[in-house]
file structure-v4.txt (compact mmCIF, C-alpha atoms)
# COMPACT_ATOMS: atom_id res chain seq x y z
CA MET A 1 0.00 0.00 0.00
CA LYS A 2 1.38 3.38 -0.90
CA GLY A 3 2.90 5.21 2.04
CA ILE A 4 1.16 3.10 4.71
CA LYS A 5 2.99 0.50 6.74
CA VAL A 6 0.75 -1.82 8.74
CA ALA A 7 1.91 -5.01 10.39
CA GLY A 8 -0.63 -7.57 9.16
CA ARG A 9 -4.18 -6.64 8.20
CA PRO A 10 -6.16 -4.11 10.23
CA LEU A 11 -9.12 -5.44 12.23
CA TYR A 12 -12.40 -4.81 10.42
CA LEU A 13 -15.02 -2.61 12.10
CA ASP A 14 -16.76 -1.13 9.07
CA MET A 15 -19.78 -3.44 8.71
CA GLN A 16 -22.05 -0.65 7.44
CA ALA A 17 -19.83 -0.26 4.38
CA THR A 18 -19.84 -3.96 3.57
CA SER A 19 -19.71 -7.32 5.30
CA PRO A 20 -17.64 -10.43 4.57
CA VAL A 21 -19.40 -13.28 2.77
CA ASP A 22 -20.52 -15.93 5.25
CA PRO A 23 -18.78 -19.25 4.38
CA ARG A 24 -22.21 -20.96 4.29
CA VAL A 25 -23.27 -18.45 1.63
CA LEU A 26 -20.18 -19.11 -0.45
CA ASP A 27 -20.83 -22.87 -0.27
CA ALA A 28 -24.32 -22.33 -1.67
CA MET A 29 -22.99 -20.14 -4.52
CA LEU A 30 -20.03 -22.19 -5.80
CA PRO A 31 -21.93 -24.89 -7.76
CA PHE A 32 -23.65 -22.19 -9.83
CA TYR A 33 -20.28 -20.85 -10.97
CA VAL A 34 -18.72 -24.19 -11.82
CA SER A 35 -21.21 -26.87 -12.85
CA ARG A 36 -24.77 -25.49 -12.83
CA TYR A 37 -24.00 -22.45 -14.92
CA GLY A 38 -27.19 -22.34 -17.03
CA ASN A 39 -29.01 -19.13 -17.84
CA PRO A 40 -32.13 -19.12 -15.62
CA HIS A 41 -34.13 -17.79 -18.58
CA SER A 42 -33.23 -20.72 -20.89
CA ARG A 43 -36.43 -22.74 -21.18
CA THR A 44 -35.24 -25.61 -23.40
CA HIS A 45 -32.83 -27.64 -21.26
CA LEU A 46 -31.90 -28.83 -17.78
CA TYR A 47 -29.20 -26.17 -17.25
CA GLY A 48 -31.81 -23.43 -17.52
CA TRP A 49 -34.41 -25.25 -15.43
CA GLU A 50 -32.12 -25.93 -12.47
CA SER A 51 -30.90 -22.33 -12.48
CA GLU A 52 -34.46 -21.06 -12.59
CA MET A 53 -35.42 -23.30 -9.66
CA ALA A 54 -32.45 -21.98 -7.69
CA VAL A 55 -33.43 -18.36 -8.42
CA GLU A 56 -37.03 -18.99 -7.33
CA ALA A 57 -35.85 -20.73 -4.14
CA ALA A 58 -33.69 -17.67 -3.36
CA ARG A 59 -36.69 -15.43 -4.04
CA SER A 60 -38.64 -17.33 -1.36
CA GLN A 61 -35.75 -17.04 1.10
CA VAL A 62 -35.59 -13.25 0.68
CA ALA A 63 -39.39 -12.94 0.85
CA ALA A 64 -39.57 -15.00 4.06
CA LEU A 65 -37.16 -12.69 5.89
CA ILE A 66 -39.38 -9.63 5.33
CA GLY A 67 -42.79 -11.32 5.53
CA ALA A 68 -43.60 -10.96 1.82
CA SER A 69 -44.74 -13.27 -0.98
CA LEU A 70 -42.06 -14.49 -3.38
CA LYS A 71 -44.01 -12.90 -6.26
CA GLU A 72 -43.30 -9.49 -4.72
CA ILE A 73 -39.48 -9.79 -4.92
CA ILE A 74 -37.55 -8.40 -7.89
CA PHE A 75 -33.80 -9.06 -8.07
CA THR A 76 -31.61 -6.03 -8.89
CA SER A 77 -27.92 -5.15 -8.76
CA GLY A 78 -28.18 -3.68 -5.26
CA ALA A 79 -30.02 -1.23 -3.03
CA THR A 80 -28.89 1.77 -5.11
CA GLU A 81 -30.69 0.40 -8.15
CA SER A 82 -33.73 -0.57 -6.06
CA ASN A 83 -33.89 2.97 -4.68
CA ASN A 84 -33.66 4.46 -8.18
CA ILE A 85 -36.43 2.19 -9.49
CA SER A 86 -38.60 3.05 -6.48
CA VAL A 87 -38.20 6.82 -6.38
CA LYS A 88 -37.97 7.63 -10.10
CA GLY A 89 -40.04 4.67 -11.29
CA VAL A 90 -43.08 5.42 -9.11
CA MET A 91 -43.10 9.15 -9.80
CA HIS A 92 -42.71 8.67 -13.56
CA PHE A 93 -45.52 6.11 -13.62
CA TYR A 94 -47.99 8.33 -11.75
CA LYS A 95 -46.68 11.64 -13.13
CA GLU A 96 -50.04 12.88 -14.44
CA LYS A 97 -51.60 13.13 -10.96
CA ARG A 98 -48.70 12.96 -8.49
CA ARG A 99 -46.00 15.65 -8.52
CA HIS A 100 -44.67 15.67 -4.94
CA VAL A 101 -42.23 13.47 -2.98
CA ILE A 102 -41.47 13.51 0.75
CA THR A 103 -38.15 12.19 2.04
CA THR A 104 -35.73 12.99 4.88
CA GLN A 105 -32.52 15.02 5.02
CA THR A 106 -30.60 11.98 6.30
CA GLU A 107 -31.40 9.53 3.49
CA HIS A 108 -28.71 7.66 1.59
CA LYS A 109 -27.14 9.61 -1.27
CA CYS A 110 -28.88 7.52 -3.96
CA VAL A 111 -32.35 8.47 -2.65
CA LEU A 112 -31.38 12.15 -2.31
CA ASP A 113 -29.85 12.18 -5.80
CA SER A 114 -32.90 10.46 -7.32
CA CYS A 115 -35.02 13.18 -5.69
CA ARG A 116 -32.73 15.91 -7.08
CA HIS A 117 -33.14 14.30 -10.50
CA LEU A 118 -36.94 14.49 -10.13
CA GLN A 119 -36.70 18.13 -9.07
CA GLN A 120 -34.85 18.91 -12.30
CA GLU A 121 -37.78 17.34 -14.15
CA GLY A 122 -40.22 19.65 -12.40
CA PHE A 123 -41.37 17.49 -9.48
CA GLU A 124 -41.46 18.98 -5.98
CA VAL A 125 -39.56 17.39 -3.09
CA THR A 126 -39.93 18.03 0.65
CA TYR A 127 -36.85 17.07 2.69
CA LEU A 128 -38.03 16.44 6.26
CA PRO A 129 -35.64 17.56 8.99
CA VAL A 130 -34.79 15.17 11.82
CA GLY A 131 -34.48 15.83 15.55
CA SER A 132 -31.14 15.79 17.36
CA ASP A 133 -31.73 12.05 17.87
CA GLY A 134 -32.02 11.49 14.10
CA ILE A 135 -35.72 10.56 14.20
CA ILE A 136 -38.32 12.33 12.05
CA ASP A 137 -41.28 14.20 13.53
CA LEU A 138 -44.43 12.23 12.63
CA GLU A 139 -46.72 15.26 12.96
CA ARG A 140 -44.51 17.19 10.57
CA LEU A 141 -44.77 14.28 8.09
CA ARG A 142 -48.57 14.33 8.37
CA ARG A 143 -48.65 18.10 7.74
CA GLU A 144 -46.40 17.86 4.66
CA ILE A 145 -48.58 15.29 2.80
CA ARG A 146 -50.51 16.93 -0.05
CA PRO A 147 -53.21 15.63 -2.42
CA ASP A 148 -50.55 15.28 -5.14
CA THR A 149 -47.95 13.51 -2.95
CA GLY A 150 -46.87 10.41 -4.87
CA LEU A 151 -44.29 8.88 -2.51
CA VAL A 152 -42.93 9.01 1.03
CA SER A 153 -39.40 7.59 1.23
CA VAL A 154 -37.83 7.07 4.67
CA MET A 155 -34.92 4.72 5.37
CA THR A 156 -35.37 2.10 8.10
CA VAL A 157 -31.89 2.06 9.69
CA ASN A 158 -29.55 4.94 8.92
CA ASN A 159 -26.22 3.86 7.43
CA GLU A 160 -24.17 6.51 9.26
CA ILE A 161 -25.71 6.69 12.70
CA GLY A 162 -27.79 3.49 12.92
CA VAL A 163 -31.00 5.11 14.18
CA ILE A 164 -34.22 3.19 13.50
CA GLN A 165 -37.16 5.26 12.24
CA PRO A 166 -40.70 4.51 13.57
CA MET A 167 -41.71 2.43 10.54
CA GLU A 168 -45.14 1.25 11.70
CA GLU A 169 -46.27 4.79 12.54
CA ILE A 170 -45.01 6.16 9.21
CA GLY A 171 -46.77 3.30 7.40
CA ARG A 172 -50.00 4.09 9.23
CA ILE A 173 -49.89 7.76 8.21
CA CYS A 174 -49.18 6.80 4.58
CA LYS A 175 -52.09 4.35 4.59
CA GLU A 176 -54.41 6.99 6.03
CA PHE A 177 -53.61 9.33 3.11
CA SER A 178 -53.25 6.50 0.52
CA VAL A 179 -49.69 7.53 -0.33
CA PRO A 180 -47.18 4.82 -1.38
CA PHE A 181 -44.43 4.32 1.22
CA HIS A 182 -40.90 3.35 0.16
CA THR A 183 -38.11 2.43 2.57
CA ASP A 184 -34.42 1.77 2.02
CA ALA A 185 -33.92 -1.21 4.35
CA ALA A 186 -30.41 -2.15 3.22
CA GLN A 187 -28.97 -1.61 6.72
CA ALA A 188 -31.93 -3.28 8.46
CA LEU A 189 -32.24 -6.56 6.58
CA GLY A 190 -31.26 -9.50 8.75
CA LYS A 191 -30.46 -7.19 11.67
CA ILE A 192 -33.85 -6.11 12.99
CA PRO A 193 -37.20 -7.87 12.42
CA ILE A 194 -38.86 -6.59 9.23
CA ASP A 195 -42.53 -7.04 8.42
CA VAL A 196 -43.82 -5.43 5.22
CA GLU A 197 -47.44 -5.99 6.29
CA LYS A 198 -47.06 -4.43 9.74
CA TRP A 199 -45.11 -1.51 8.31
CA ASN A 200 -47.47 -1.11 5.35
CA VAL A 201 -44.61 -0.47 2.90
CA SER A 202 -45.31 -0.45 -0.85
CA LEU A 203 -41.64 -0.68 -1.84
CA MET A 204 -38.53 -1.79 0.01
CA SER A 205 -34.91 -1.73 -1.16
CA LEU A 206 -32.58 -4.52 -0.04
CA SER A 207 -28.87 -5.24 -0.51
CA GLY A 208 -26.94 -8.52 -0.53
CA HIS A 209 -23.53 -7.39 0.72
CA LYS A 210 -24.79 -5.83 3.96
CA VAL A 211 -26.09 -9.22 5.18
CA TYR A 212 -22.97 -11.35 4.61
CA GLY A 213 -23.99 -12.03 1.01
CA PRO A 214 -22.13 -11.21 -2.22
CA LYS A 215 -21.66 -7.72 -3.67
CA GLY A 216 -23.48 -6.79 -6.87
CA VAL A 217 -26.90 -8.13 -5.97
CA GLY A 218 -29.92 -6.67 -4.21
CA ALA A 219 -33.68 -6.92 -4.27
CA LEU A 220 -36.75 -4.74 -4.49
CA TYR A 221 -39.96 -5.64 -2.70
CA MET A 222 -43.01 -4.41 -4.64
CA ARG A 223 -46.42 -4.76 -3.02
CA ARG A 224 -49.08 -6.63 -5.02
CA ARG A 225 -52.19 -5.71 -3.00
CA PRO A 226 -52.82 -2.79 -3.25
CA ARG A 227 -50.62 -2.96 -6.32
CA ILE A 228 -47.83 -0.45 -6.80
CA ARG A 229 -46.65 0.26 -10.34
CA VAL A 230 -43.28 1.62 -11.48
CA GLU A 231 -41.73 2.66 -14.77
CA PRO A 232 -38.72 0.37 -15.44
CA GLN A 233 -35.34 2.13 -15.46
CA MET A 234 -33.71 -0.63 -17.54
CA ASN A 235 -35.07 -1.82 -20.89
CA GLY A 236 -34.38 -5.21 -22.44
CA GLY A 237 -35.63 -8.78 -22.48
CA GLY A 238 -38.34 -8.20 -19.90
CA GLN A 239 -36.89 -10.34 -17.10
CA GLU A 240 -38.08 -9.86 -13.50
CA ARG A 241 -41.63 -9.09 -14.69
CA GLY A 242 -40.31 -6.37 -17.00
CA ILE A 243 -39.17 -4.24 -14.05
CA ARG A 244 -35.48 -5.12 -14.32
CA SER A 245 -34.34 -6.54 -17.65
CA GLY A 246 -31.04 -8.40 -17.90
CA THR A 247 -29.98 -11.95 -17.15
CA VAL A 248 -30.48 -12.69 -13.48
CA PRO A 249 -27.02 -13.63 -12.05
CA THR A 250 -27.85 -17.03 -10.53
CA PRO A 251 -24.79 -17.39 -8.23
CA LEU A 252 -25.25 -13.91 -6.74
CA VAL A 253 -28.98 -14.36 -6.26
CA VAL A 254 -28.46 -17.81 -4.67
CA GLY A 255 -25.92 -16.13 -2.35
CA MET A 256 -28.37 -13.42 -1.34
CA GLY A 257 -31.05 -16.05 -0.66
CA ALA A 258 -28.69 -18.14 1.45
CA ALA A 259 -27.59 -15.02 3.37
CA CYS A 260 -31.24 -14.21 4.16
CA GLU A 261 -31.89 -17.75 5.34
CA VAL A 262 -28.86 -17.72 7.65
CA ALA A 263 -29.88 -14.27 8.93
CA MET A 264 -33.39 -15.52 9.68
CA LYS A 265 -32.05 -18.36 11.83
CA GLU A 266 -29.38 -16.32 13.60
CA MET A 267 -30.83 -12.82 13.91
CA GLU A 268 -31.74 -13.14 17.58
CA TYR A 269 -28.38 -14.68 18.51
CA ASP A 270 -26.45 -12.10 16.45
CA ASP A 271 -28.39 -9.26 18.03
CA LYS A 272 -27.62 -10.37 21.60
CA ARG A 273 -23.94 -10.86 20.79
CA ILE A 274 -23.57 -7.59 18.90
CA THR A 275 -25.39 -5.62 21.63
CA ALA A 276 -22.97 -7.01 24.23
CA LEU A 277 -19.97 -6.10 22.05
CA GLN A 278 -21.32 -2.59 21.44
CA GLU A 279 -21.69 -2.03 25.20
CA ARG A 280 -18.17 -3.35 25.72
CA LEU A 281 -16.82 -0.92 23.13
CA LEU A 282 -18.71 2.13 24.41
CA ASN A 283 -18.04 1.45 28.08
CA GLY A 284 -14.38 0.69 27.36
CA ILE A 285 -13.91 4.04 25.62
CA ARG A 286 -15.99 6.05 28.12
CA GLU A 287 -14.11 4.64 31.13
CA LYS A 288 -10.88 6.16 29.85
CA LEU A 289 -11.98 9.24 27.90
CA GLU A 290 -14.20 12.23 28.57
CA GLY A 291 -15.95 14.25 25.88
CA VAL A 292 -17.27 11.22 23.97
CA VAL A 293 -20.70 11.75 22.39
CA VAL A 294 -22.92 9.10 20.77
CA ASN A 295 -24.46 10.55 17.59
CA GLY A 296 -28.15 9.77 17.14
CA SER A 297 -30.71 8.22 19.47
CA VAL A 298 -29.25 5.83 22.04
CA GLU A 299 -32.56 3.99 22.58
CA ARG A 300 -33.76 3.65 18.99
CA ARG A 301 -30.68 2.39 17.20
CA TYR A 302 -29.28 -0.78 15.72
CA ALA A 303 -26.56 -1.99 18.11
CA GLY A 304 -24.05 -2.87 15.39
CA ASN A 305 -23.61 0.78 14.45
CA LEU A 306 -21.87 3.01 16.99
CA ASN A 307 -21.15 6.52 15.75
CA LEU A 308 -19.03 8.50 18.21
CA SER A 309 -17.66 12.03 18.25
CA PHE A 310 -14.54 12.84 20.26
CA ALA A 311 -14.35 16.46 21.38
CA TYR A 312 -11.17 18.47 20.59
CA VAL A 313 -9.85 15.91 18.11
CA GLU A 314 -9.64 16.33 14.35
CA GLY A 315 -11.51 13.42 12.76
CA GLU A 316 -9.26 12.86 9.78
CA SER A 317 -6.12 12.72 11.90
CA LEU A 318 -7.86 10.27 14.24
CA LEU A 319 -8.76 8.04 11.27
CA MET A 320 -5.20 8.23 9.99
CA GLY A 321 -3.90 7.32 13.43
CA LEU A 322 -6.23 4.33 13.67
CA LYS A 323 -4.45 2.51 10.85
CA GLU A 324 -4.81 -0.82 12.60
CA VAL A 325 -8.60 -0.52 12.78
CA ALA A 326 -10.70 -0.35 9.62
CA VAL A 327 -13.34 2.22 10.57
CA SER A 328 -14.83 5.18 8.73
CA SER A 329 -16.06 8.66 9.49
CA GLY A 330 -19.43 8.19 7.81
CA SER A 331 -20.63 6.58 4.63
CA ALA A 332 -18.16 4.93 2.26
CA CYS A 333 -19.97 6.64 -0.60
CA THR A 334 -18.95 10.13 0.45
CA SER A 335 -15.77 9.40 2.43
CA ALA A 336 -13.59 10.85 -0.33
CA SER A 337 -14.69 14.39 0.55
CA LEU A 338 -13.51 16.25 3.64
CA GLU A 339 -16.92 17.88 4.19
CA PRO A 340 -18.45 16.98 7.54
CA SER A 341 -21.21 14.38 7.16
CA TYR A 342 -24.52 15.84 5.94
CA VAL A 343 -26.29 13.33 8.20
CA LEU A 344 -24.59 14.73 11.32
CA ARG A 345 -25.22 18.30 10.16
CA ALA A 346 -28.93 17.42 9.84
CA LEU A 347 -28.89 16.29 13.50
CA GLY A 348 -27.65 19.75 14.40
CA VAL A 349 -24.21 18.48 15.47
CA ASP A 350 -21.70 21.36 15.65
CA GLU A 351 -19.31 21.45 12.72
CA ASP A 352 -16.27 20.74 14.92
CA MET A 353 -17.96 17.69 16.48
CA ALA A 354 -19.24 16.51 13.10
CA HIS A 355 -15.63 16.47 11.91
CA THR A 356 -14.55 14.18 14.74
CA SER A 357 -17.05 11.39 14.19
CA ILE A 358 -15.98 7.77 13.84
CA ARG A 359 -18.41 5.00 12.90
CA TYR A 360 -17.71 1.61 14.43
CA GLY A 361 -19.51 -1.23 12.68
CA ILE A 362 -19.83 -4.46 14.66
CA GLY A 363 -20.95 -7.68 12.99
CA ARG A 364 -21.49 -11.43 13.16
CA PHE A 365 -17.78 -12.26 13.04
CA THR A 366 -16.47 -9.51 15.33
CA THR A 367 -14.69 -10.89 18.42
CA GLU A 368 -14.25 -9.56 21.96
CA GLU A 369 -10.48 -9.38 21.38
CA GLU A 370 -11.04 -7.11 18.38
CA ILE A 371 -13.30 -4.83 20.42
CA ASP A 372 -10.75 -4.61 23.25
CA ARG A 373 -7.98 -3.82 20.78
CA ALA A 374 -10.14 -1.15 19.12
CA VAL A 375 -10.80 0.44 22.51
CA GLU A 376 -7.10 0.41 23.36
CA LEU A 377 -6.03 1.93 20.03
CA THR A 378 -8.81 4.55 20.00
CA VAL A 379 -8.06 5.71 23.55
CA LYS A 380 -4.33 5.88 22.85
CA GLN A 381 -4.84 7.89 19.66
CA VAL A 382 -7.40 10.31 21.11
CA GLU A 383 -5.16 10.98 24.13
CA LYS A 384 -2.20 11.60 21.86
CA LEU A 385 -4.12 14.04 19.65
CA ARG A 386 -5.62 15.85 22.63
CA GLU A 387 -2.17 16.35 24.10
CA MET A 388 -1.25 18.15 20.89
CA SER A 389 -4.45 20.21 20.86
CA PRO A 390 -4.32 23.78 22.19
CA LEU A 391 -8.14 23.75 22.41
CA TYR A 392 -8.11 20.85 24.83
CA GLU A 393 -5.58 22.66 26.99
CA MET A 394 -7.79 25.76 27.10
CA VAL A 395 -10.83 23.69 28.07
CA LYS A 396 -8.89 22.04 30.88
CA GLU A 397 -8.03 25.50 32.13
CA GLY A 398 -11.74 26.32 32.22
CA ILE A 399 -11.93 28.58 29.16
CA ASP A 400 -15.23 28.36 27.24
CA ILE A 401 -14.12 27.90 23.64
CA LYS A 402 -17.51 28.90 22.23
CA GLN A 403 -17.06 32.41 23.68
CA ILE A 404 -13.70 33.03 22.04
CA HIS A 405 -13.58 35.47 19.11
CA TRP A 406 -10.77 34.32 16.88
CA ALA A 407 -8.95 37.23 15.25
CA GLN A 408 -7.51 36.96 11.75
CA HIS A 409 -3.93 38.11 11.27

call {"tool": "encode", "arguments": {"input": "structure-v4.txt", "output": "structure tokens"}}
result
Amino acid sequence: MKGIKVAGRPLYLDMQATSPVDPRVLDAMLPFYVSRYGNPHSRTHLYGWESEMAVEAARSQVAALIGASLKEIIFTSGATESNNISVKGVMHFYKEKRRHVITTQTEHKCVLDSCRHLQQEGFEVTYLPVGSDGIIDLERLRREIRPDTGLVSVMTVNNEIGVIQPMEEIGRICKEFSVPFHTDAAQALGKIPIDVEKWNVSLMSLSGHKVYGPKGVGALYMRRRPRIRVEPQMNGGGQERGIRSGTVPTPLVVGMGAACEVAMKEMEYDDKRITALQERLLNGIREKLEGVVVNGSVERRYAGNLNLSFAYVEGESLLMGLKEVAVSSGSACTSASLEPSYVLRALGVDEDMAHTSIRYGIGRFTTEEEIDRAVELTVKQVEKLREMSPLYEMVKEGIDIKQIHWAQH
């Protein structure tokens, strides 16, 4: 690696960016690369039939995890594509009567960018603010719904701060006004119980590589009763009921199905384990450091995502110092820019604190030893950076930094 010397590989605590493939998932996939390589759309021979059966079995496995029917699952290349089909596809289909979308300021980039795209086409978009805990205000949502609102899109679990939105309540409001409800559940699948009926969602975006499945595959749940219609974003041979043309990649789809089945069996066990590890991480850091803030609601969050801000420390230098721990300061999609996270800004986090955030992602294969090592390295690095920080010195002397007027030379 250019300019970076690390002894061995860093320990991986970035599960919101991607997860490793579970060995059981890989076992299920391998035959479809090597011996059963038929095109699932070939109707004239055994190779096609066995692939098609495997794809349909995977469709049932995905459907079972979210409480849907297998006929409501469309395979796509990932949650980004599912989000694009949902947001743009619905609004284009109903464009004569529906010209307004409601979403939140903390959505994933692909939902926000799809909304921007619609705005350029003349649609109107309302971006709901969130409270300091990252949760939307349900009364505000109710007030913003108009007769021409065509979609409400709210993510289930936030990818940066892990907060869980009140899905059932949002679904109830959408049902009351007969507005289709879309949710990006990429970070929720296999981690918290999902029920499309209870939540009353019309569309749900899912991803394979966030649930220990392969990269490059995802799914879109599309409700059949009452039926939701979308305009396809990809034209071609009419596969996946014409919604997503292109040959369905059997090995990837089989992998996503297997990952969902494993998740279904192990969700409760994983959750207990991950919650214990998250407490170990947070308590370990808080015992040794002051000025540590958890970003987003502490009660309503998925335990595997711990987003912390460390006062008086520059975030990028902290990340650079934590070379032996693979963590990030927000989403992988926007980590190339040095802007503070737009999600944290939407929570009302001060710019200096937004710059010091680190997201720890804990998963199925994370060990206690890794957590202890991460605590040790984080504490060491934060202490080292605070020793170098004049701001920290001033605070220790009792000076209120917020009151200082910095003069320019």

call {"tool": "atom_distance", "arguments": {"input": "structure-v4.txt", "atom1": "CA of Ser297 in chain A", "atom2": "CA of Tyr221 in chain A"}}
result
27.7 Å

call {"tool": "closest_residue", "arguments": {"input": "structure-v4.txt", "among": "A:Val327, A:Ala68, A:Cys115, A:Ala7", "to": "Val201 in chain A", "atoms": "all atoms listed in the file"}}
result
A:Ala68

call {"tool": "closest_residue", "arguments": {"input": "structure-v4.txt", "among": "A:Val62, A:Val313, A:Pro147, A:Pro226", "to": "Pro390 in chain A", "atoms": "all atoms listed in the file"}}
result
A:Val313

call {"tool": "axis_aligned_box", "arguments": {"input": "structure-v4.txt", "around": "range 212-226 of chain A", "padding_each_side": "6 Å", "output": "AutoDock Vina command-line options"}}
result
--center_x -37.2 --center_y -7.4 --center_z -1.1 --size_x 43.2 --size_y 21.2 --size_z 23.5

call {"tool": "residues_near_point", "arguments": {"input": "structure-v4.txt", "point": "(-14.9, -4.9, 15.8)", "cutoff": "6 Å", "atoms": "only C-alpha atoms", "output": "PyMOL selection string"}}
result
chain A and resi 12-13+362+366+370-371

call {"tool": "closest_residue", "arguments": {"input": "structure-v4.txt", "among": "A:Glu393, A:Glu261, A:Glu383, A:Glu279", "to": "Glu368 in chain A", "atoms": "all atoms listed in the file"}}
result
A:Glu279

call {"tool": "atom_distance", "arguments": {"input": "structure-v4.txt", "atom1": "CA of Leu112 in chain A", "atom2": "CA of Gln16 in chain A"}}
result
18.6 Å

call {"tool": "atom_distance", "arguments": {"input": "structure-v4.txt", "atom1": "CA of Ser207 in chain A", "atom2": "CA of Ala219 in chain A"}}
result
6.3 Å

call {"tool": "residues_near_point", "arguments": {"input": "structure-v4.txt", "point": "(-31.5, 0.4, 3.4)", "cutoff": "10 Å", "atoms": "all atoms listed in the file", "output": "list in words"}}
result
Ala79, Thr80, Ser82, Asn83, Glu107, His108, Val154, Met155, Thr156, Val157, Asn158, Asn159, Thr183, Asp184, Ala185, Ala186, Gln187, Ala188, Leu189, Met204, Ser205, Leu206, Ser207 and Lys210 of chain A

call {"tool": "residues_around", "arguments": {"input": "structure-v4.txt", "residues": "range 42-54 of chain A", "least_positions_apart": "5", "cutoff": "8 Å", "atoms": "all atoms listed in the file", "output": "ChimeraX atom specification"}}
result
/A:32,36-37,250,254

call {"tool": "write_last_selection", "arguments": {"input": "structure-v4.txt", "atoms": "C-alpha atoms", "output": "PDB file, in the frame of the given file"}}
result
ATOM      1  CA  PHE A  32     -23.650 -22.190  -9.830  1.00  0.00           C
ATOM      2  CA  ARG A  36     -24.770 -25.490 -12.830  1.00  0.00           C
ATOM      3  CA  TYR A  37     -24.000 -22.450 -14.920  1.00  0.00           C
ATOM      4  CA  THR A 250     -27.850 -17.030 -10.530  1.00  0.00           C
ATOM      5  CA  VAL A 254     -28.460 -17.810  -4.670  1.00  0.00           C
TER       6      VAL A 254
END

call {"tool": "closest_residue", "arguments": {"input": "structure-v4.txt", "among": "A:Ala374, A:Leu344, A:Ile358, A:Leu289", "to": "Gly131 in chain A", "atoms": "all atoms listed in the file"}}
result
A:Leu344

call {"tool": "residues_around", "arguments": {"input": "structure-v4.txt", "residues": "Glu231 in chain A", "least_positions_apart": "2", "cutoff": "9 Å", "atoms": "all atoms listed in the file", "output": "ChimeraX atom specification"}}
result
/A:85-86,88-94,229,233,243

call {"tool": "residues_around", "arguments": {"input": "structure-v4.txt", "residues": "Ala57 in chain A", "least_positions_apart": "6", "cutoff": "12 Å", "atoms": "all atoms listed in the file", "output": "ChimeraX atom specification"}}
result
/A:28,50-51,63-64,70-71,73,250,253-258,260-261

call {"tool": "closest_residue", "arguments": {"input": "structure-v4.txt", "among": "A:Val101, A:Ser35, A:Lys109, A:Leu281", "to": "Glu144 in chain A", "atoms": "only C-alpha atoms"}}
result
A:Val101

call {"tool": "closest_residue", "arguments": {"input": "structure-v4.txt", "among": "A:Ala303, A:Ile228, A:Leu30, A:Val111", "to": "Gly363 in chain A", "atoms": "only C-alpha atoms"}}
result
A:Ala303

call {"tool": "residues_around", "arguments": {"input": "structure-v4.txt", "residues": "Glu168 in chain A", "least_positions_apart": "5", "cutoff": "10 Å", "atoms": "all atoms listed in the file", "output": "ChimeraX atom specification"}}
result
/A:173-174,195-201

call {"tool": "residues_around", "arguments": {"input": "structure-v4.txt", "residues": "Tyr302 in chain A", "least_positions_apart": "4", "cutoff": "9 Å", "atoms": "all atoms listed in the file", "output": "ChimeraX atom specification"}}
result
/A:157-158,161-164,188,191-192,271,275,306
